[in-house]
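As stored in structure33.tsv (TSV, C-alpha atoms):
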chain	number	residue	atom	x	y	z
A	26	MET	CA	92.65	146.64	153.26
A	27	ARG	CA	89.25	148.19	153.69
A	28	TRP	CA	87.47	144.81	153.81
A	29	PHE	CA	89.92	143.60	156.41
A	30	LYS	CA	89.07	146.50	158.68
A	31	GLY	CA	85.41	145.76	158.13
A	32	ILE	CA	85.77	142.16	159.25
A	33	ILE	CA	87.79	143.14	162.31
A	34	LEU	CA	85.14	145.66	163.24
A	35	ILE	CA	82.38	143.06	162.95
A	36	VAL	CA	84.34	140.59	165.08
A	37	ILE	CA	84.91	143.24	167.74
A	38	ILE	CA	81.26	144.24	167.76
A	39	ALA	CA	80.24	140.59	168.05
A	40	LEU	CA	82.69	139.96	170.90
A	41	VAL	CA	81.53	143.03	172.78
A	42	GLY	CA	77.93	142.18	172.01
A	43	ILE	CA	78.00	138.69	173.50
A	44	GLN	CA	79.31	140.10	176.78
A	45	PHE	CA	75.78	141.41	177.34
A	46	ILE	CA	74.02	138.06	176.97
A	47	PRO	CA	72.41	137.47	180.35
A	48	ILE	CA	73.19	134.09	181.90
A	49	SER	CA	71.69	132.76	185.08
A	50	ARG	CA	74.33	132.00	187.68
A	51	ASN	CA	74.38	128.75	189.60
A	52	ILE	CA	74.43	130.27	193.06
A	53	SER	CA	71.94	129.36	195.75
A	54	LYS	CA	72.15	131.01	199.15
A	55	ASN	CA	70.63	128.29	201.31
A	56	VAL	CA	72.20	124.86	201.58
A	57	PRO	CA	69.34	122.34	201.31
A	58	SER	CA	68.91	119.62	203.91
A	59	ALA	CA	69.27	117.03	201.13
A	60	ASP	CA	72.88	118.11	200.60
A	61	PHE	CA	75.29	115.18	200.46
A	62	ILE	CA	77.83	116.49	202.97
A	63	LEU	CA	75.12	117.58	205.42
A	64	THR	CA	73.31	114.25	205.15
A	65	TYR	CA	76.21	111.80	205.29
A	66	LYS	CA	78.77	113.85	207.22
A	67	PRO	CA	81.98	112.60	205.65
A	68	THR	CA	85.31	113.45	207.28
A	69	GLU	CA	86.69	116.96	206.94
A	70	ARG	CA	89.14	115.80	204.29
A	71	VAL	CA	86.54	114.03	202.15
A	72	SER	CA	84.20	117.05	202.41
A	73	GLU	CA	86.98	119.35	201.34
A	74	ILE	CA	87.88	117.17	198.33
A	75	LEU	CA	84.25	116.93	197.25
A	76	LYS	CA	83.78	120.69	197.54
A	77	THR	CA	86.94	121.53	195.62
A	78	SER	CA	86.78	118.86	192.93
A	79	CYS	CA	83.07	118.09	192.47
A	80	TYR	CA	80.70	120.67	193.90
A	81	ASN	CA	81.41	123.41	191.36
A	82	CYS	CA	79.59	121.50	188.63
A	83	HIS	CA	77.57	119.02	190.69
A	84	SER	CA	75.76	121.17	193.22
A	85	ASN	CA	73.53	124.25	193.37
A	86	ASN	CA	76.50	126.43	194.25
A	87	THR	CA	79.36	127.26	191.95
A	88	ASP	CA	82.42	129.19	193.05
A	89	TYR	CA	82.89	131.15	189.82
A	90	PRO	CA	86.38	132.03	188.59
A	91	TRP	CA	87.02	135.54	187.19
A	92	TYR	CA	87.12	134.42	183.57
A	93	SER	CA	83.61	133.05	183.81
A	94	TYR	CA	82.48	136.68	183.46
A	95	ILE	CA	83.97	136.84	179.96
A	96	GLN	CA	81.97	135.44	177.07
A	97	PRO	CA	81.93	132.97	175.43
A	98	VAL	CA	83.81	131.27	178.28
A	99	GLY	CA	80.97	131.90	180.73
A	100	LEU	CA	78.37	130.39	178.41
A	101	PHE	CA	80.55	127.33	177.90
A	102	LEU	CA	80.91	126.89	181.67
A	103	GLU	CA	77.21	127.38	182.34
A	104	ASN	CA	76.42	124.67	179.83
A	105	HIS	CA	78.86	122.33	181.58
A	106	ILE	CA	77.36	123.02	184.99
A	107	ASN	CA	73.83	122.36	183.77
A	108	GLU	CA	74.86	119.05	182.25
A	109	GLY	CA	76.80	118.12	185.38
A	110	LYS	CA	73.89	118.85	187.69
A	111	GLU	CA	71.52	116.88	185.53
A	112	ASP	CA	73.61	113.75	186.00
A	113	LEU	CA	74.50	114.29	189.64
A	114	ASN	CA	73.51	117.03	192.05
A	115	PHE	CA	75.07	116.76	195.50
A	116	SER	CA	72.68	119.45	196.76
A	117	GLU	CA	69.72	117.19	195.98
A	118	PHE	CA	71.38	113.89	196.80
A	119	GLY	CA	69.20	113.13	199.83
A	120	ASN	CA	66.10	113.39	197.63
A	121	TYR	CA	67.16	110.54	195.37
A	122	SER	CA	65.66	107.13	196.07
A	123	GLY	CA	67.91	104.59	197.81
A	124	ARG	CA	68.35	102.67	194.58
A	125	ARG	CA	69.30	105.81	192.68
A	126	GLN	CA	71.74	106.86	195.41
A	127	LYS	CA	73.51	103.51	195.09
A	128	SER	CA	73.68	103.86	191.30
A	129	LYS	CA	75.07	107.36	191.63
A	130	LEU	CA	77.66	106.32	194.22
A	131	THR	CA	78.78	103.40	192.04
A	132	SER	CA	79.12	105.73	189.07
A	133	ILE	CA	81.04	108.31	191.11
A	134	ILE	CA	83.50	105.67	192.31
A	135	ASN	CA	84.01	104.37	188.76
A	136	GLN	CA	84.50	107.84	187.35
A	137	ILE	CA	87.04	108.77	190.02
A	138	GLU	CA	88.96	105.49	189.82
A	139	ASP	CA	89.15	105.69	186.03
A	140	ASP	CA	90.32	109.33	186.18
A	141	LYS	CA	87.35	110.46	184.11
A	142	MET	CA	86.24	112.89	186.78
A	143	PRO	CA	87.01	115.63	187.58
A	144	LEU	CA	87.19	116.46	183.87
A	145	PRO	CA	90.74	116.90	182.58
A	146	ALA	CA	89.65	120.25	181.14
A	147	TYR	CA	88.62	121.31	184.62
A	148	THR	CA	91.75	120.20	186.47
A	149	LEU	CA	93.85	121.91	183.80
A	150	ILE	CA	92.55	125.25	185.01
A	151	HIS	CA	91.74	124.39	188.64
A	152	ARG	CA	95.05	122.85	189.65
A	153	ASP	CA	93.91	122.24	193.22
A	154	SER	CA	90.97	120.12	192.06
A	155	LYS	CA	93.15	117.35	190.67
A	156	LEU	CA	92.84	114.21	192.78
A	157	ILE	CA	96.07	112.58	193.83
A	158	ARG	CA	96.13	108.85	194.59
A	159	GLU	CA	95.56	109.40	198.30
A	160	ASP	CA	92.59	111.73	197.64
A	161	LYS	CA	91.03	109.11	195.42
A	162	ARG	CA	91.55	106.44	198.04
A	163	VAL	CA	89.92	108.30	200.93
A	164	VAL	CA	86.98	109.48	198.84
A	165	THR	CA	86.20	106.14	197.21
A	166	GLU	CA	86.65	104.33	200.52
A	167	PHE	CA	84.07	106.59	202.12
A	168	LEU	CA	81.68	106.17	199.19
A	169	LYS	CA	82.04	102.37	199.23
A	170	MET	CA	81.29	102.33	202.95
A	171	LEU	CA	78.22	104.44	202.27
A	172	ILE	CA	76.94	102.06	199.57
A	173	ASP	CA	77.18	99.16	202.00
A	174	SER	CA	75.28	101.08	204.65
A	175	LEU	CA	72.42	102.16	202.36
B	25	MET	CA	91.99	156.43	164.49
B	26	LYS	CA	94.12	153.94	162.60
B	27	GLN	CA	96.10	153.25	165.72
B	28	LEU	CA	92.93	152.66	167.72
B	29	ILE	CA	91.63	150.20	165.17
B	30	SER	CA	94.86	148.25	165.13
B	31	ILE	CA	94.96	148.09	168.94
B	32	LEU	CA	91.39	146.81	169.02
B	33	ALA	CA	92.15	144.33	166.30
B	34	PHE	CA	95.18	143.09	168.19
B	35	THR	CA	93.13	142.64	171.37
B	36	ALA	CA	90.45	140.73	169.48
B	37	ILE	CA	92.96	138.43	167.82
B	38	LEU	CA	94.69	137.82	171.13
B	39	PHE	CA	91.35	136.97	172.72
B	40	ILE	CA	90.36	134.58	169.98
B	41	ALA	CA	93.79	132.98	170.04
B	42	CYS	CA	93.59	132.49	173.80
B	43	THR	CA	90.18	130.84	173.89
B	44	GLY	CA	91.08	128.78	170.84
B	45	SER	CA	94.20	127.35	172.41
B	46	THR	CA	92.45	126.52	175.68
B	47	LYS	CA	89.90	124.54	173.77
B	48	LYS	CA	92.61	122.71	171.91
B	49	GLU	CA	94.41	121.90	175.13
B	50	ASN	CA	91.18	120.60	176.57
B	51	GLU	CA	90.64	118.37	173.60
B	52	GLN	CA	94.21	117.21	173.88
B	53	ALA	CA	93.67	116.37	177.52
B	54	ASN	CA	90.52	114.44	176.68
B	55	THR	CA	92.27	112.43	173.99
B	56	ASP	CA	95.04	111.63	176.41
B	57	THR	CA	92.65	110.09	178.92
B	58	GLU	CA	90.87	108.15	176.24
B	59	MET	CA	94.15	106.72	175.04
B	60	HIS	CA	95.02	105.94	178.61
B	61	GLN	CA	91.78	104.01	178.97
B	62	THR	CA	92.42	102.05	175.83
B	63	ASP	CA	95.79	101.09	177.21
B	64	ASP	CA	94.10	99.89	180.37
B	65	GLY	CA	91.66	97.87	178.35
B	66	LEU	CA	94.41	96.20	176.39
B	67	HIS	CA	96.27	95.48	179.56
B	68	HIS	CA	93.35	93.35	180.73
B	69	ASP	CA	93.66	91.18	177.70
B	70	ASN	CA	97.07	89.79	178.33
B	71	GLY	CA	98.94	88.00	181.04
B	72	GLU	CA	97.29	86.59	184.11
B	73	ASP	CA	93.79	87.75	183.23
B	74	MET	CA	93.84	85.52	180.21
B	75	SER	CA	94.98	82.46	182.08
B	76	HIS	CA	92.29	83.11	184.66
B	77	ASN	CA	89.83	83.28	181.79
B	78	ASP	CA	90.94	79.89	180.56
B	79	GLN	CA	90.20	78.40	183.93
B	80	GLU	CA	86.68	79.85	183.83
B	81	MET	CA	86.09	78.38	180.42
B	82	GLY	CA	87.41	75.07	181.59
B	83	SER	CA	84.99	74.88	184.46
B	84	ASP	CA	82.13	75.77	182.14
B	85	LYS	CA	82.98	72.97	179.78
B	86	MET	CA	82.89	70.55	182.64
B	87	GLY	CA	79.37	71.71	183.35
B	88	HIS	CA	79.90	73.25	186.78
B	89	ASP	CA	77.19	75.87	186.72
B	90	MET	CA	77.12	78.40	189.51
B	91	ASP	CA	73.33	78.49	189.28
B	92	SER	CA	72.86	78.83	193.01
B	93	SER	CA	69.84	81.08	193.22
B	94	PRO	CA	67.04	80.20	190.80
B	95	ILE	CA	64.17	82.65	190.79
B	96	THR	CA	60.62	82.12	189.56
B	97	VAL	CA	58.59	85.10	188.41
B	98	GLN	CA	55.00	85.40	187.25
B	99	LYS	CA	54.16	85.11	183.58
B	100	SER	CA	53.43	88.58	182.25
B	101	GLN	CA	53.65	90.70	179.10
B	102	THR	CA	54.19	93.91	181.11
B	103	THR	CA	57.94	93.86	180.67
B	104	SER	CA	58.13	92.31	177.16
B	105	VAL	CA	59.03	95.48	175.26
B	106	ALA	CA	61.56	96.47	177.91
B	107	ILE	CA	63.20	93.02	177.80
B	108	ASN	CA	63.42	93.24	174.01
B	109	ALA	CA	65.14	96.61	174.21
B	110	TYR	CA	67.48	95.40	176.96
B	111	LEU	CA	68.50	92.40	174.86
B	112	LYS	CA	69.02	94.68	171.85
B	113	ILE	CA	71.53	96.70	173.89
B	114	LYS	CA	73.14	93.50	175.16
B	115	ASN	CA	73.59	92.05	171.67
B	116	ALA	CA	74.95	95.35	170.37
B	117	LEU	CA	77.54	95.48	173.16
B	118	VAL	CA	78.53	91.86	172.49
B	119	ALA	CA	79.24	92.97	168.92
B	120	ASP	CA	81.11	96.11	170.11
B	121	ASN	CA	78.48	98.19	168.32
B	122	ASP	CA	78.03	101.44	170.24
B	123	LYS	CA	75.65	102.90	167.67
B	124	GLU	CA	73.20	100.02	167.88
B	125	ALA	CA	73.49	100.05	171.67
B	126	ALA	CA	72.49	103.72	171.68
B	127	ILE	CA	69.41	102.90	169.59
B	128	GLY	CA	68.56	100.12	172.03
B	129	GLY	CA	68.96	102.60	174.88
B	130	LYS	CA	66.44	104.87	173.27
B	131	ASP	CA	64.03	101.98	172.73
B	132	LEU	CA	64.34	101.11	176.41
B	133	VAL	CA	63.63	104.68	177.53
B	134	ASN	CA	60.48	104.60	175.37
B	135	ALA	CA	59.53	101.19	176.76
B	136	PHE	CA	59.76	102.50	180.34
B	137	ASP	CA	57.74	105.59	179.49
B	138	LYS	CA	54.93	103.44	178.10
B	139	ILE	CA	55.09	100.57	180.59
B	140	ASP	CA	51.70	99.42	181.89
B	141	LYS	CA	51.55	99.84	185.66
B	142	SER	CA	48.05	98.38	186.07
B	143	SER	CA	49.20	94.84	186.89
B	144	VAL	CA	51.63	95.95	189.60
B	145	HIS	CA	50.49	95.40	193.18
B	146	ALA	CA	49.85	98.56	195.17
B	147	GLU	CA	52.36	97.68	197.90
B	148	LYS	CA	55.08	97.15	195.27
B	149	MET	CA	54.29	100.34	193.36
B	150	SER	CA	56.85	102.64	194.97
B	151	GLU	CA	59.63	100.10	194.48
B	152	PHE	CA	58.46	99.58	190.90
B	153	LYS	CA	58.64	103.30	190.25
B	154	GLU	CA	62.08	103.58	191.81
B	155	ILE	CA	63.39	100.77	189.63
B	156	ILE	CA	61.93	102.34	186.50
B	157	GLU	CA	63.37	105.74	187.40
B	158	ASP	CA	66.86	104.36	187.97
B	159	ALA	CA	66.80	102.03	184.97
B	160	ARG	CA	65.45	104.75	182.70
B	161	GLU	CA	68.41	106.92	183.61
B	162	HIS	CA	70.86	104.14	182.74
B	163	ALA	CA	69.07	103.57	179.43
B	164	ASP	CA	69.20	107.29	178.74
B	165	HIS	CA	72.97	107.36	179.35
B	166	ILE	CA	73.45	104.42	177.00
B	167	SER	CA	71.48	106.21	174.29
B	168	GLU	CA	73.49	109.41	174.73
B	169	ASN	CA	76.95	107.85	174.79
B	170	GLN	CA	77.43	106.62	171.28
B	171	GLY	CA	81.20	106.78	170.75
B	172	ASN	CA	81.94	105.91	174.39
B	173	ILE	CA	81.24	102.20	174.63
B	174	ASP	CA	83.02	101.81	177.99
B	175	HIS	CA	80.58	104.24	179.52
B	176	GLN	CA	77.65	102.49	177.84
B	177	ARG	CA	78.85	99.20	179.34
B	178	GLU	CA	79.19	100.71	182.79
B	179	HIS	CA	75.54	101.78	182.75
B	180	PHE	CA	74.47	98.56	181.10
B	181	GLU	CA	75.95	96.60	184.00
B	182	MET	CA	74.00	98.62	186.58
B	183	LEU	CA	70.91	98.39	184.38
B	184	GLY	CA	71.00	94.59	184.61
B	185	THR	CA	70.39	94.66	188.37
B	186	ASP	CA	67.40	96.95	187.89
B	187	ILE	CA	65.91	94.77	185.17
B	188	LYS	CA	66.28	91.66	187.31
B	189	ASP	CA	64.52	93.38	190.23
B	190	LEU	CA	61.87	94.66	187.84
B	191	LEU	CA	61.11	91.15	186.61
B	192	ALA	CA	60.72	89.96	190.20
B	193	ILE	CA	57.95	92.51	190.69
B	194	ALA	CA	56.34	92.78	187.26
B	195	GLY	CA	57.01	89.32	185.80
B	196	ALA	CA	58.49	88.21	182.49
B	197	ASP	CA	57.42	86.50	179.27
B	198	ARG	CA	60.50	84.28	178.87
B	199	THR	CA	63.22	82.51	180.81
B	200	LEU	CA	66.36	84.56	181.36
B	201	TYR	CA	69.76	83.72	182.76
B	202	GLN	CA	71.80	86.03	184.91
B	203	ILE	CA	75.42	85.62	183.90
B	204	TYR	CA	78.33	86.80	186.00
B	205	CYS	CA	81.86	87.73	184.95
B	206	PRO	CA	84.14	88.14	187.98
B	207	MET	CA	86.79	90.05	186.07
B	208	TYR	CA	84.73	93.04	185.02
B	209	ASN	CA	85.64	96.49	186.40
B	210	ASN	CA	89.02	95.65	187.94
B	211	ASN	CA	87.81	92.34	189.32
B	212	LYS	CA	84.80	93.85	191.06
B	213	GLY	CA	82.67	91.67	188.81
B	214	GLY	CA	79.61	92.41	186.74
B	215	SER	CA	76.52	90.61	185.52
B	216	TRP	CA	73.93	90.76	182.75
B	217	LEU	CA	70.83	88.92	181.58
B	218	SER	CA	70.59	86.68	178.56
B	219	THR	CA	68.04	84.34	176.96
B	220	SER	CA	70.77	81.76	176.42
B	221	LYS	CA	73.22	79.95	178.69
B	222	GLU	CA	75.87	80.34	176.04
B	223	ILE	CA	78.39	82.92	177.25
B	224	LYS	CA	78.75	86.00	175.06
B	225	ASN	CA	80.02	88.80	177.23
B	226	PRO	CA	78.53	92.26	176.53
B	227	LEU	CA	80.69	93.91	179.23
B	228	TYR	CA	83.87	93.14	177.32
B	229	GLY	CA	82.69	92.28	173.81
B	230	SER	CA	85.42	90.91	171.57
B	231	LYS	CA	88.07	91.78	174.19
B	232	MET	CA	86.97	88.86	176.37
B	233	LEU	CA	83.86	87.34	174.85
B	234	THR	CA	83.70	84.20	176.93
B	235	CYS	CA	84.18	85.52	180.47
B	236	GLY	CA	81.17	84.52	182.51
B	237	GLU	CA	79.17	81.81	184.21
B	238	VAL	CA	75.45	81.33	184.82
B	239	LYS	CA	74.72	82.66	188.28
B	240	SER	CA	70.96	82.48	188.39
B	241	THR	CA	68.03	81.29	186.29
B	242	ILE	CA	64.96	83.47	186.16
B	243	SER	CA	62.14	81.20	185.07
B	244	VAL	CA	58.49	81.93	184.41
B	245	LYS	CA	55.58	80.03	185.86

Represent the structure of the file as structure tokens.
Amino acid sequence: MRWFKGIILIVIIALVGIQFIPISRNISKNVPSADFILTYKPTERVSEILKTSCYNCHSNNTDYPWYSYIQPVGLFLENHINEGKEDLNFSEFGNYSGRRQKSKLTSIINQIEDDKMPLPAYTLIHRDSKLIREDKRVVTEFLKMLIDSL
Amino acid sequence: MKQLISILAFTAILFIACTGSTKKENEQANTDTEMHQTDDGLHHDNGEDMSHNDQEMGSDKMGHDMDSSPITVQKSQTTSVAINAYLKIKNALVADNDKEAAIGGKDLVNAFDKIDKSSVHAEKMSEFKEIIEDAREHADHISENQGNIDHQREHFEMLGTDIKDLLAIAGADRTLYQIYCPMYNNNKGGSWLSTSKEIKNPLYGSKMLTCGEVKSTISVK
């Protein structure tokens, strides 16, 4: 029984310990002029969908949920956000070259139409981020129009 | 003291159990989508798509090429290594080999990093750089997505456009054919480059190996 208590104690210490690991938060006060919504001014509805379902991991501003302050959940999320931004950052979208913008838009449309994005793991927790058929239609329609205009 | 320890232990176990189950659910959700995709893929194979495919093959046999826009590019070794790597990815995807495609992707990233810019005209330099930047990203995705061949194919399709534009600026060392399959990506269509007119479709692989027709010949002068 003594060894069991020892293990439990170590686990508790470890769990408490990792709460103190400092992580940098993805929050930027100023919205850059290269921001996708600012640059291409989609309709209110499209903007809202993008903000709710995409911007948390694909922009310089994340609206953090309460559990992100508990480790190791927070570390896991931070890792996701960094990977997401590397592939697509709506805050920097206007800085991409025209060719790259088209590539990104094509990829976004494919990912949305194939239900690969937003990530199932994400919509499981953020119920409101799940895209219904009509959401997908208005967003992809806007993006397709944008590709043709670029 | 004993009580305190057991309360703490209980909390810890509860915490571990909670995070553990979320992860599992996430994995479950991921598997579900993957299965869903596979279903979609299979769906393409049967029914009307197939009969459409037969028609395409028929027209090919009769020799009706769609080669409507031949392009001539300058003879150059600048893009040789990149073309080799591109074709390596293409052949791997024809053979449904995601691992080999990933290796090809890595080769292509390296090829772009070492590409010789000295023969590119100054006024074409910014376009050249943009193409390389975009294409390098596609190659990088292909190299990182071993195990997800659909995603590799998606980037490979976009990569083809970049490579074609790159050859127009920087030249090529061999004749290439741009081949087009109208069925790819829910009938949006997709194309790729090949050294042969024989149709072996890398966008579908064994699922629909013969979908495609020569759309353009890129020849070297």

Practice task
Please provide as a list in words all residues within 6 Å of stretch 215-224 of chain B, with the sequence filter that same-chain residues fewer than 5 positions apart are discarded (counting all atoms listed in the file).
Solution key: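 Surrounding residues, per the criterion: Gly184, Leu200, Tyr201, Gln202, Ile203, Tyr204, Leu233 and Thr234 of chain B.
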
Practice task
Would you give me, as a ChimeraX atom specification, the residues of chain A that come within 7 Å of chain B, using only C-alpha atoms?
Solution key: /A:33,37,122,124-125,145-146

Exercise for the section: Quick one: pull the distance between atom CA of B:Lys138 and atom CA of A:Asn107, Å, one decimal. Expected result: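 So the two atoms, atom CA of B:Lys138 and atom CA of A:Asn107, lie 27.3 Å apart.
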
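The set of protein, DNA and RNA residues with any counted atom at most 12 Å from (74.6, 137.6, 175.7) (only C-alpha atoms) reads Ala39, Leu40, Val41, Gly42, Ile43, Gln44, Phe45, Ile46, Pro47, Ile48, Ser49, Tyr94, Ile95, Gln96, Pro97, Val98, Gly99 and Leu100 of chain A.
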
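The interatomic distance for the pair atom CA of B:Phe136 and atom CA of B:Arg160 works out to 6.6 Å.
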
Practice task
Quote the spacing between atom CA of A:Tyr121 and atom CA of B:Asp189 in Å to one decimal place.
Solution key: 18.1 Å

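With only C-alpha atoms as the atoms that count, the residue of A:Asp60, A:Asp140, A:Glu73, A:Glu111 with the shortest distance to A:Asp153 is A:Glu73.
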
Stretch 157-165 of chain A, all listed atoms, 4 Å padding on each side: what axis-aligned box centre and edge lengths in Å to one decimal come out, as AutoDock Vina command-line options?
--center_x 91.2 --center_y 109.4 --center_z 197.4 --size_x 17.9 --size_y 14.4 --size_z 15.1

Problem - Residue nearest A:Phe115 - candidates A:Ser53, A:Thr165, A:Asn85, A:Ser128, atoms counted: only C-alpha atoms - result: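 Among the listed residues, A:Asn85 lies closest to A:Phe115.
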
Problem - Point (87.6, 108.3, 191.7) neighbourhood (8 Å, only C-alpha atoms) written as a PyMOL selection string - result: chain A and resi 133-142+156+161-162+164-165

Problem - Selection near stretch 95-107 of chain B, 12 Å with only C-alpha atoms, sequence-local residues under 2 positions removed, as an NGL selection string - result: :B and (91-93 or 109-114 or 128-144 or 152 or 156 or 159-160 or 163 or 183-184 or 186-202 or 217-219 or 239-245)

Problem - Residue neighbourhood A:Leu102, 10 Å, all atoms listed in the file, exclusion window fewer than 6 positions, as a PyMOL selection string - result: chain A and resi 82+89+92-93+96+108+147

Exercise for the section: Just the residues within 8 Å of B:Asp120, please, counting all atoms listed in the file, with nothing from its chain fewer than 4 positions along; format it as a ChimeraX atom specification. Expected result: /B:116,173,226,229-230

Expected file: the selected residues, C-alpha atoms, as a short mmCIF file (atom, residue, chain, number, x, y, z; two decimals), keeping the file's coordinate frame:
data_model
loop_
_atom_site.label_atom_id
_atom_site.label_comp_id
_atom_site.auth_asym_id
_atom_site.auth_seq_id
_atom_site.Cartn_x
_atom_site.Cartn_y
_atom_site.Cartn_z
CA ALA B 116 74.95 95.35 170.37
CA ILE B 173 81.24 102.20 174.63
CA PRO B 226 78.53 92.26 176.53
CA GLY B 229 82.69 92.28 173.81
CA SER B 230 85.42 90.91 171.57
#

Problem - Within 10 Å of A:Asn81 using only C-alpha atoms, minus same-chain residues under 4 positions, as a PyMOL selection string - result: chain A and resi 51-52+75-77+85-89+106+109-110

Saving stretch 160-173 of chain A with C-alpha atoms, as a PDB file, in the first residue's frame, what would that file be?
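Result saved to out24.pdb:
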ATOM      1  CA  ASP A 160     -22.857  27.555 -43.660  1.00  0.00           C
ATOM      2  CA  LYS A 161     -20.609  25.561 -45.939  1.00  0.00           C
ATOM      3  CA  ARG A 162     -22.460  26.780 -49.000  1.00  0.00           C
ATOM      4  CA  VAL A 163     -22.255  30.502 -48.210  1.00  0.00           C
ATOM      5  CA  VAL A 164     -18.609  30.332 -47.166  1.00  0.00           C
ATOM      6  CA  THR A 165     -17.375  28.288 -50.119  1.00  0.00           C
ATOM      7  CA  GLU A 166     -19.430  30.381 -52.523  1.00  0.00           C
ATOM      8  CA  PHE A 167     -17.755  33.522 -51.245  1.00  0.00           C
ATOM      9  CA  LEU A 168     -14.304  31.924 -51.419  1.00  0.00           C
ATOM     10  CA  LYS A 169     -14.881  30.688 -54.975  1.00  0.00           C
ATOM     11  CA  MET A 170     -15.958  34.167 -56.029  1.00  0.00           C
ATOM     12  CA  LEU A 171     -12.805  35.531 -54.443  1.00  0.00           C
ATOM     13  CA  ILE A 172     -10.565  33.076 -56.325  1.00  0.00           C
ATOM     14  CA  ASP A 173     -12.089  34.193 -59.615  1.00  0.00           C
TER      15      ASP A 173
END
